[in-house]
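Next comes target-v7.csv, with CSV, C-alpha atoms.
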```csv
chain,number,residue,atom,x,y,z
K,1425,MET,CA,-26.9,-69.6,-8.4
K,1426,ASN,CA,-26.2,-69.1,-12.0
K,1427,ASP,CA,-24.1,-71.8,-13.7
K,1428,VAL,CA,-22.1,-69.1,-15.4
K,1429,ALA,CA,-18.7,-68.6,-13.7
K,1430,PRO,CA,-18.5,-65.5,-11.5
K,1431,HIS,CA,-16.7,-62.6,-13.2
K,1432,LEU,CA,-14.0,-60.9,-11.0
K,1433,LEU,CA,-12.2,-57.6,-11.6
K,1434,ILE,CA,-8.7,-57.6,-10.2
K,1435,VAL,CA,-7.2,-54.1,-9.7
K,1436,ASP,CA,-3.5,-54.0,-8.7
K,1437,ASP,CA,-0.6,-51.9,-9.9
K,1438,ASP,CA,1.8,-54.8,-9.4
K,1439,GLU,CA,1.9,-56.7,-12.8
K,1440,ARG,CA,3.3,-59.9,-11.2
K,1441,ILE,CA,0.5,-60.0,-8.5
K,1442,ARG,CA,-2.1,-59.4,-11.2
K,1443,GLY,CA,-0.8,-62.3,-13.2
K,1444,LEU,CA,-0.6,-64.7,-10.3
K,1445,LEU,CA,-4.0,-63.9,-9.1
K,1446,ARG,CA,-5.5,-64.1,-12.5
K,1447,THR,CA,-4.0,-67.5,-13.1
K,1448,PHE,CA,-4.9,-68.9,-9.7
K,1449,LEU,CA,-8.5,-67.6,-9.8
K,1450,MET,CA,-9.1,-68.8,-13.3
K,1451,ARG,CA,-7.9,-72.3,-12.3
K,1452,ASN,CA,-10.5,-72.2,-9.5
K,1453,GLY,CA,-13.4,-71.5,-11.9
K,1454,PHE,CA,-13.6,-67.7,-12.1
K,1455,LEU,CA,-13.6,-65.4,-15.1
K,1456,VAL,CA,-11.0,-62.7,-14.4
K,1457,THR,CA,-10.4,-59.3,-15.9
K,1458,PRO,CA,-7.2,-57.4,-14.7
K,1459,ALA,CA,-6.8,-53.7,-14.3
K,1460,ARG,CA,-3.5,-51.9,-13.6
K,1461,ASP,CA,-4.8,-48.9,-11.7
K,1462,ALA,CA,-8.0,-47.0,-10.6
K,1463,ALA,CA,-8.3,-45.2,-13.9
K,1464,HIS,CA,-8.0,-48.4,-15.9
K,1465,ALA,CA,-10.6,-50.0,-13.6
K,1466,ARG,CA,-13.0,-47.1,-14.1
K,1467,ARG,CA,-12.8,-47.5,-17.9
K,1468,ILE,CA,-13.5,-51.2,-17.6
K,1469,LEU,CA,-16.4,-50.7,-15.1
K,1470,SER,CA,-18.0,-48.2,-17.5
K,1471,GLY,CA,-18.8,-51.0,-19.9
K,1472,LEU,CA,-18.9,-54.2,-17.8
K,1473,ASP,CA,-20.6,-55.6,-14.7
K,1474,PHE,CA,-18.8,-57.8,-12.3
K,1475,ASP,CA,-19.7,-60.2,-9.5
K,1476,LEU,CA,-16.9,-59.0,-7.3
K,1477,ILE,CA,-14.0,-56.6,-7.3
K,1478,VAL,CA,-10.6,-57.5,-5.7
K,1479,LEU,CA,-9.0,-54.1,-5.2
K,1480,ASP,CA,-5.5,-53.1,-4.0
K,1481,VAL,CA,-5.5,-50.1,-1.6
K,1482,MET,CA,-2.0,-48.8,-2.2
K,1483,MET,CA,-1.7,-47.7,-5.8
K,1484,PRO,CA,-0.1,-44.7,-7.5
K,1485,GLY,CA,-2.6,-42.1,-8.5
K,1486,GLU,CA,-6.1,-42.7,-7.1
K,1487,ASP,CA,-5.9,-45.2,-4.2
K,1488,GLY,CA,-8.2,-48.1,-3.5
K,1489,MET,CA,-10.1,-46.4,-0.7
K,1490,SER,CA,-11.1,-43.5,-3.0
K,1491,LEU,CA,-12.1,-45.8,-5.8
K,1492,THR,CA,-14.2,-47.9,-3.3
K,1493,ARG,CA,-16.1,-44.8,-2.1
K,1494,SER,CA,-16.7,-43.8,-5.7
K,1495,ILE,CA,-18.0,-47.2,-6.8
K,1496,ARG,CA,-20.3,-47.3,-3.8
K,1497,GLU,CA,-22.1,-44.1,-5.0
K,1498,THR,CA,-23.6,-46.1,-7.9
K,1499,SER,CA,-22.9,-49.8,-7.4
K,1500,MET,CA,-23.5,-52.6,-4.9
K,1501,THR,CA,-20.9,-54.9,-6.5
K,1502,PRO,CA,-19.0,-56.6,-3.6
K,1503,ILE,CA,-15.5,-55.3,-3.0
K,1504,LEU,CA,-12.6,-57.1,-1.3
K,1505,LEU,CA,-9.7,-54.8,-0.4
K,1506,LEU,CA,-6.0,-55.9,-0.5
K,1507,THR,CA,-3.4,-53.9,1.3
K,1508,ALA,CA,0.0,-54.1,2.9
K,1509,LYS,CA,-1.5,-52.3,5.9
K,1510,GLY,CA,-2.9,-54.7,8.5
K,1511,GLU,CA,-3.6,-52.2,11.3
K,1512,THR,CA,-7.1,-52.2,12.7
K,1513,ASP,CA,-7.7,-48.5,11.8
K,1514,ASP,CA,-6.9,-49.2,8.2
K,1515,ARG,CA,-9.2,-52.2,8.1
K,1516,ILE,CA,-12.0,-50.2,9.6
K,1517,ALA,CA,-11.4,-47.4,7.1
K,1518,GLY,CA,-11.8,-49.8,4.3
K,1519,LEU,CA,-15.0,-51.2,5.6
K,1520,GLU,CA,-16.4,-47.7,6.2
K,1521,ALA,CA,-15.5,-46.8,2.6
K,1522,GLY,CA,-17.9,-49.6,1.6
K,1523,ALA,CA,-15.8,-52.7,1.2
K,1524,ASP,CA,-17.2,-56.1,2.0
K,1525,ASP,CA,-14.0,-57.6,3.3
K,1526,TYR,CA,-10.4,-56.8,3.8
K,1527,LEU,CA,-7.3,-58.9,3.4
K,1528,ALA,CA,-3.8,-57.8,4.4
K,1529,LYS,CA,-0.7,-58.6,2.3
K,1530,PRO,CA,1.1,-61.0,2.2
K,1531,PHE,CA,-1.7,-63.5,2.2
K,1532,GLU,CA,-2.2,-67.1,1.1
K,1533,PRO,CA,-4.1,-67.5,-2.2
K,1534,LYS,CA,-6.3,-70.1,-0.6
K,1535,GLU,CA,-7.4,-67.6,2.0
K,1536,LEU,CA,-8.3,-65.1,-0.7
K,1537,LEU,CA,-10.3,-67.8,-2.5
K,1538,LEU,CA,-12.2,-68.7,0.7
K,1539,ARG,CA,-13.0,-65.0,1.3
K,1540,ILE,CA,-14.2,-64.5,-2.2
K,1541,ASN,CA,-16.4,-67.6,-2.1
K,1542,ALA,CA,-17.8,-66.4,1.3
K,1543,ILE,CA,-18.8,-63.1,-0.1
K,1544,LEU,CA,-20.4,-64.6,-3.1
K,1545,ARG,CA,-22.4,-67.0,-0.9
K,1546,ARG,CA,-24.0,-64.1,1.0
K,1547,MET,CA,-27.2,-64.5,-0.9
K,1548,PRO,CA,-30.4,-65.6,0.9
K,1549,GLU,CA,-32.3,-68.5,-0.3
K,1550,PRO,CA,-35.9,-67.8,-1.4
K,1551,ASP,CA,-38.6,-68.5,1.1
K,1552,GLU,CA,-40.2,-71.9,0.4
K,1553,SER,CA,-43.9,-71.4,-0.2
K,1554,ASP,CA,-46.4,-73.6,-2.1
K,1555,SER,CA,-48.3,-70.4,-3.1
K,1556,ILE,CA,-45.3,-69.1,-5.0
K,1557,PRO,CA,-44.6,-70.7,-8.5
K,1558,LYS,CA,-41.3,-72.3,-9.1
K,1559,VAL,CA,-40.9,-70.3,-12.4
K,1560,LEU,CA,-41.9,-66.7,-12.9
K,1561,HIS,CA,-42.8,-65.5,-16.4
K,1562,LEU,CA,-42.0,-62.0,-17.3
K,1563,GLY,CA,-43.0,-61.7,-21.0
K,1564,PRO,CA,-40.3,-63.5,-23.0
K,1565,ILE,CA,-38.2,-63.8,-19.8
K,1566,ARG,CA,-38.4,-67.0,-17.6
K,1567,TYR,CA,-36.9,-66.9,-14.1
K,1568,ASP,CA,-36.4,-70.2,-12.3
K,1569,ILE,CA,-36.7,-69.4,-8.6
K,1570,ASP,CA,-35.1,-72.6,-7.2
K,1571,ARG,CA,-32.1,-72.5,-9.6
K,1572,GLY,CA,-31.8,-68.7,-9.6
K,1573,GLU,CA,-31.5,-68.8,-13.4
K,1574,MET,CA,-33.0,-66.4,-15.9
K,1575,TRP,CA,-33.7,-67.4,-19.5
K,1576,GLN,CA,-34.9,-65.7,-22.7
K,1577,GLY,CA,-36.2,-68.6,-24.8
K,1578,GLU,CA,-33.3,-71.1,-24.8
K,1579,THR,CA,-30.7,-68.4,-24.1
K,1580,PRO,CA,-29.5,-67.9,-20.5
K,1581,VAL,CA,-29.5,-64.3,-19.3
K,1582,ARG,CA,-26.3,-63.7,-17.3
K,1583,LEU,CA,-26.9,-62.0,-13.9
K,1584,THR,CA,-24.3,-60.4,-11.7
K,1585,ALA,CA,-24.2,-61.5,-8.0
K,1586,THR,CA,-26.2,-58.4,-7.0
K,1587,GLU,CA,-28.7,-58.8,-9.8
K,1588,ALA,CA,-29.2,-62.4,-8.8
K,1589,HIS,CA,-29.6,-61.3,-5.2
K,1590,LEU,CA,-32.2,-58.8,-6.1
K,1591,MET,CA,-34.2,-61.4,-8.1
K,1592,ARG,CA,-34.2,-63.7,-5.1
K,1593,ILE,CA,-35.5,-60.9,-2.9
K,1594,PHE,CA,-38.3,-59.9,-5.4
K,1595,SER,CA,-39.3,-63.4,-6.3
K,1596,ALA,CA,-39.8,-64.4,-2.7
K,1597,THR,CA,-42.8,-61.9,-2.6
K,1598,PRO,CA,-43.9,-61.3,-6.2
K,1599,ALA,CA,-46.5,-58.5,-6.7
K,1600,GLU,CA,-45.6,-57.0,-3.3
K,1601,PRO,CA,-43.7,-53.6,-3.1
K,1602,ILE,CA,-40.3,-53.6,-1.4
K,1603,THR,CA,-38.9,-50.4,-0.1
K,1604,ARG,CA,-35.5,-49.2,-1.1
K,1605,ALA,CA,-34.5,-49.2,2.6
K,1606,ARG,CA,-35.4,-52.8,2.9
K,1607,LEU,CA,-33.5,-53.7,-0.3
K,1608,VAL,CA,-30.4,-52.0,1.2
K,1609,GLU,CA,-30.9,-54.1,4.4
K,1610,GLU,CA,-31.5,-57.3,2.5
K,1611,LEU,CA,-28.4,-56.8,0.4
K,1612,GLY,CA,-26.4,-56.5,3.6
K,1613,ARG,CA,-25.3,-52.9,3.1
K,1614,ASP,CA,-25.0,-50.0,5.5
K,1615,LYS,CA,-28.1,-47.8,5.5
K,1616,GLY,CA,-28.0,-44.3,3.9
K,1617,GLN,CA,-29.1,-42.3,0.9
K,1618,ALA,CA,-25.9,-43.2,-1.1
K,1619,GLN,CA,-26.7,-46.9,-0.7
K,1620,GLU,CA,-30.4,-46.3,-1.8
K,1621,ARG,CA,-29.1,-44.5,-4.9
K,1622,ALA,CA,-26.8,-47.5,-5.5
K,1623,VAL,CA,-29.9,-49.7,-5.4
K,1624,ASP,CA,-31.6,-47.5,-7.9
K,1625,VAL,CA,-28.7,-48.0,-10.3
K,1626,GLN,CA,-28.8,-51.8,-9.9
K,1627,ILE,CA,-32.6,-51.7,-10.5
K,1628,THR,CA,-31.9,-49.8,-13.7
K,1629,ARG,CA,-29.4,-52.4,-14.9
K,1630,LEU,CA,-31.7,-55.3,-14.0
K,1631,ARG,CA,-34.5,-53.7,-16.0
K,1632,ARG,CA,-32.3,-53.7,-19.1
K,1633,LYS,CA,-32.3,-57.4,-18.9
K,1634,LEU,CA,-36.0,-57.8,-18.0
K,1635,GLU,CA,-37.8,-55.1,-19.9
K,1636,GLU,CA,-38.6,-54.5,-23.6
K,1637,ASP,CA,-38.6,-50.8,-22.8
K,1638,PRO,CA,-36.6,-50.2,-19.5
K,1639,LYS,CA,-37.8,-46.6,-19.4
K,1640,GLN,CA,-41.4,-47.8,-19.2
K,1641,PRO,CA,-41.0,-50.9,-17.0
K,1642,ARG,CA,-43.8,-53.5,-17.1
K,1643,TYR,CA,-42.3,-56.2,-14.8
K,1644,LEU,CA,-40.0,-54.4,-12.4
K,1645,GLN,CA,-42.2,-51.6,-11.5
K,1646,THR,CA,-41.7,-48.4,-9.4
K,1647,VAL,CA,-44.5,-48.1,-6.8
K,1648,ARG,CA,-44.8,-44.4,-5.8
K,1649,GLY,CA,-44.0,-44.1,-2.1
K,1650,ALA,CA,-43.6,-47.8,-1.6
K,1651,GLY,CA,-40.4,-48.8,-3.5
K,1652,TYR,CA,-40.1,-51.5,-6.2
K,1653,MET,CA,-42.3,-54.5,-7.1
K,1654,LEU,CA,-41.8,-57.5,-9.4
K,1655,ALA,CA,-45.0,-58.0,-11.3
K,1656,PRO,CA,-44.8,-61.4,-13.2
K,1657,ASP,CA,-47.4,-62.4,-15.8
```
Full structure transcribed into structure tokens:
Amino acid sequence: MNDVAPHLLIVDDDERIRGLLRTFLMRNGFLVTPARDAAHARRILSGLDFDLIVLDVMMPGEDGMSLTRSIRETSMTPILLLTAKGETDDRIAGLEAGADDYLAKPFEPKELLLRINAILRRMPEPDESDSIPKVLHLGPIRYDIDRGEMWQGETPVRLTATEAHLMRIFSATPAEPITRARLVEELGRDKGQAQERAVDVQITRLRRKLEEDPKQPRYLQTVRGAGYMLAPD
């Protein structure tokens, strides 16, 4: 895992709840950005990547279910839904929309913290193999497999949870193509074309951090008919 604190987006129309969650989560080591509704969240998401989104379902205007479905069209960022509805059908609807977990209000802050940490821990450890180097070199970029850290010279490169997960997957079998379908499965998402497109978006974002020219990738290559491949020096 990266030493940088995970960055959470909190989306809730209740100002008091936003403030309480922000204070509580910051005290527990997270970076937190609040958003007052779906439209505000969309503007923030257009310019920032997050490790996890905590999203209220019942909001004026666009609700959390709709925003979740929209996010899932282009992003694999984990989503934890908050709602006053605790019925099974509503919980299932949230998960079907693409959420990773579901917490009914009212809830104990400690339970929210446990659920957030559980989601962020769902990242497989790289396979141990003497044949795989402990550090991969990708031009000026250095990726430490054991620590899950990326550096450019002496400057750390911040990775989102999904980007870090992708790097762990690719670094376990460098120079071997991995299909989009397998990436969806490894990331723990439901299968489907929408999820494969979301993987493509995450690959594009990761390339911006790896490549000198992301449009002509040298290190995170597209292998026609086979998927994607990490090709270290």
Residues at most 7 Å from segment 1639-1645 of chain K, counting only C-alpha atoms, excluding those fewer than 3 positions away in the same chain, as a ChimeraX atom specification?
/K:1562,1631,1635,1652-1656
Only C-alpha atoms, please: the residues just picked out, written as a compact mmCIF listing (two decimals), in the frame of the given file.
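And here's part21.txt as it stands now:
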```txt
# COMPACT_ATOMS: atom_id res chain seq x y z
CA LEU K 1562 -42.00 -62.00 -17.30
CA ARG K 1631 -34.50 -53.70 -16.00
CA GLU K 1635 -37.80 -55.10 -19.90
CA TYR K 1652 -40.10 -51.50 -6.20
CA MET K 1653 -42.30 -54.50 -7.10
CA LEU K 1654 -41.80 -57.50 -9.40
CA ALA K 1655 -45.00 -58.00 -11.30
CA PRO K 1656 -44.80 -61.40 -13.20
```
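Here atom CA of Arg1446 of chain K and atom CA of Ile1516 of chain K stand 26.9 Å from one another.
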Show me, as an MDAnalysis selection string, the residues that have an atom within 6 Å of segment 1491-1498 of chain K when counting all atoms listed in the file, minus same-chain residues fewer than 6 positions from it.
chainID K and resid 1521 1618 1622 1625
Shell around Phe1594 of chain K at 12 Å using only C-alpha atoms, local window under 2 positions removed, as a PyMOL selection string:
chain K and resi 1548-1551+1556+1560+1567+1569+1572+1587-1592+1596-1604+1606-1607+1610-1611+1627+1630+1643-1645+1651-1656
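Atom pair atom CA of Glu1578 of chain K / atom CA of Phe1454 of chain K has a distance of 23.7 Å (rounded to one decimal).
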Write out as a PDB file with C-alpha atoms, keeping the file's coordinate frame which residues come within 7 Å of Ala1462 of chain K when counting all atoms listed in the file, dropping same-chain ones fewer than 3 positions away.
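Listed below is the output, part31.pdb:
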```pdb
ATOM      1  CA  ALA K1465     -10.600 -50.000 -13.600  1.00  0.00           C
ATOM      2  CA  ARG K1466     -13.000 -47.100 -14.100  1.00  0.00           C
ATOM      3  CA  GLU K1486      -6.100 -42.700  -7.100  1.00  0.00           C
ATOM      4  CA  ASP K1487      -5.900 -45.200  -4.200  1.00  0.00           C
ATOM      5  CA  LEU K1491     -12.100 -45.800  -5.800  1.00  0.00           C
TER       6      LEU K1491
END
```
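From atom CA of Asp1437 of chain K back to atom CA of Asn1452 of chain K, the distance works out to 22.6 Å.
Comparing the minimum interatomic distances between Lys1633 of chain K and each of K:Arg1571, K:Arg1582, K:Arg1451, K:His1431, counting only C-alpha atoms, we find that K:Arg1582 sits nearest.
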Within 9 Å of Asp1524 of chain K, counting all atoms listed in the file, which residues show up once you throw out same-chain ones fewer than 2 positions away? Write them as a ChimeraX atom specification, please.
/K:1502-1505,1518-1519,1522,1526,1543,1613
Please dump the current selection as a compact mmCIF listing (two decimals), in the coordinates of the input; keep C-alpha atoms.
```
# COMPACT_ATOMS: atom_id res chain seq x y z
CA PRO K 1502 -19.00 -56.60 -3.60
CA ILE K 1503 -15.50 -55.30 -3.00
CA LEU K 1504 -12.60 -57.10 -1.30
CA LEU K 1505 -9.70 -54.80 -0.40
CA GLY K 1518 -11.80 -49.80 4.30
CA LEU K 1519 -15.00 -51.20 5.60
CA GLY K 1522 -17.90 -49.60 1.60
CA TYR K 1526 -10.40 -56.80 3.80
CA ILE K 1543 -18.80 -63.10 -0.10
CA ARG K 1613 -25.30 -52.90 3.10
```
Using only C-alpha atoms: which of K:Val1581, K:Asp1657, K:Ala1605, K:Asp1473 has the shortest distance to Leu1634 of chain K
K:Val1581
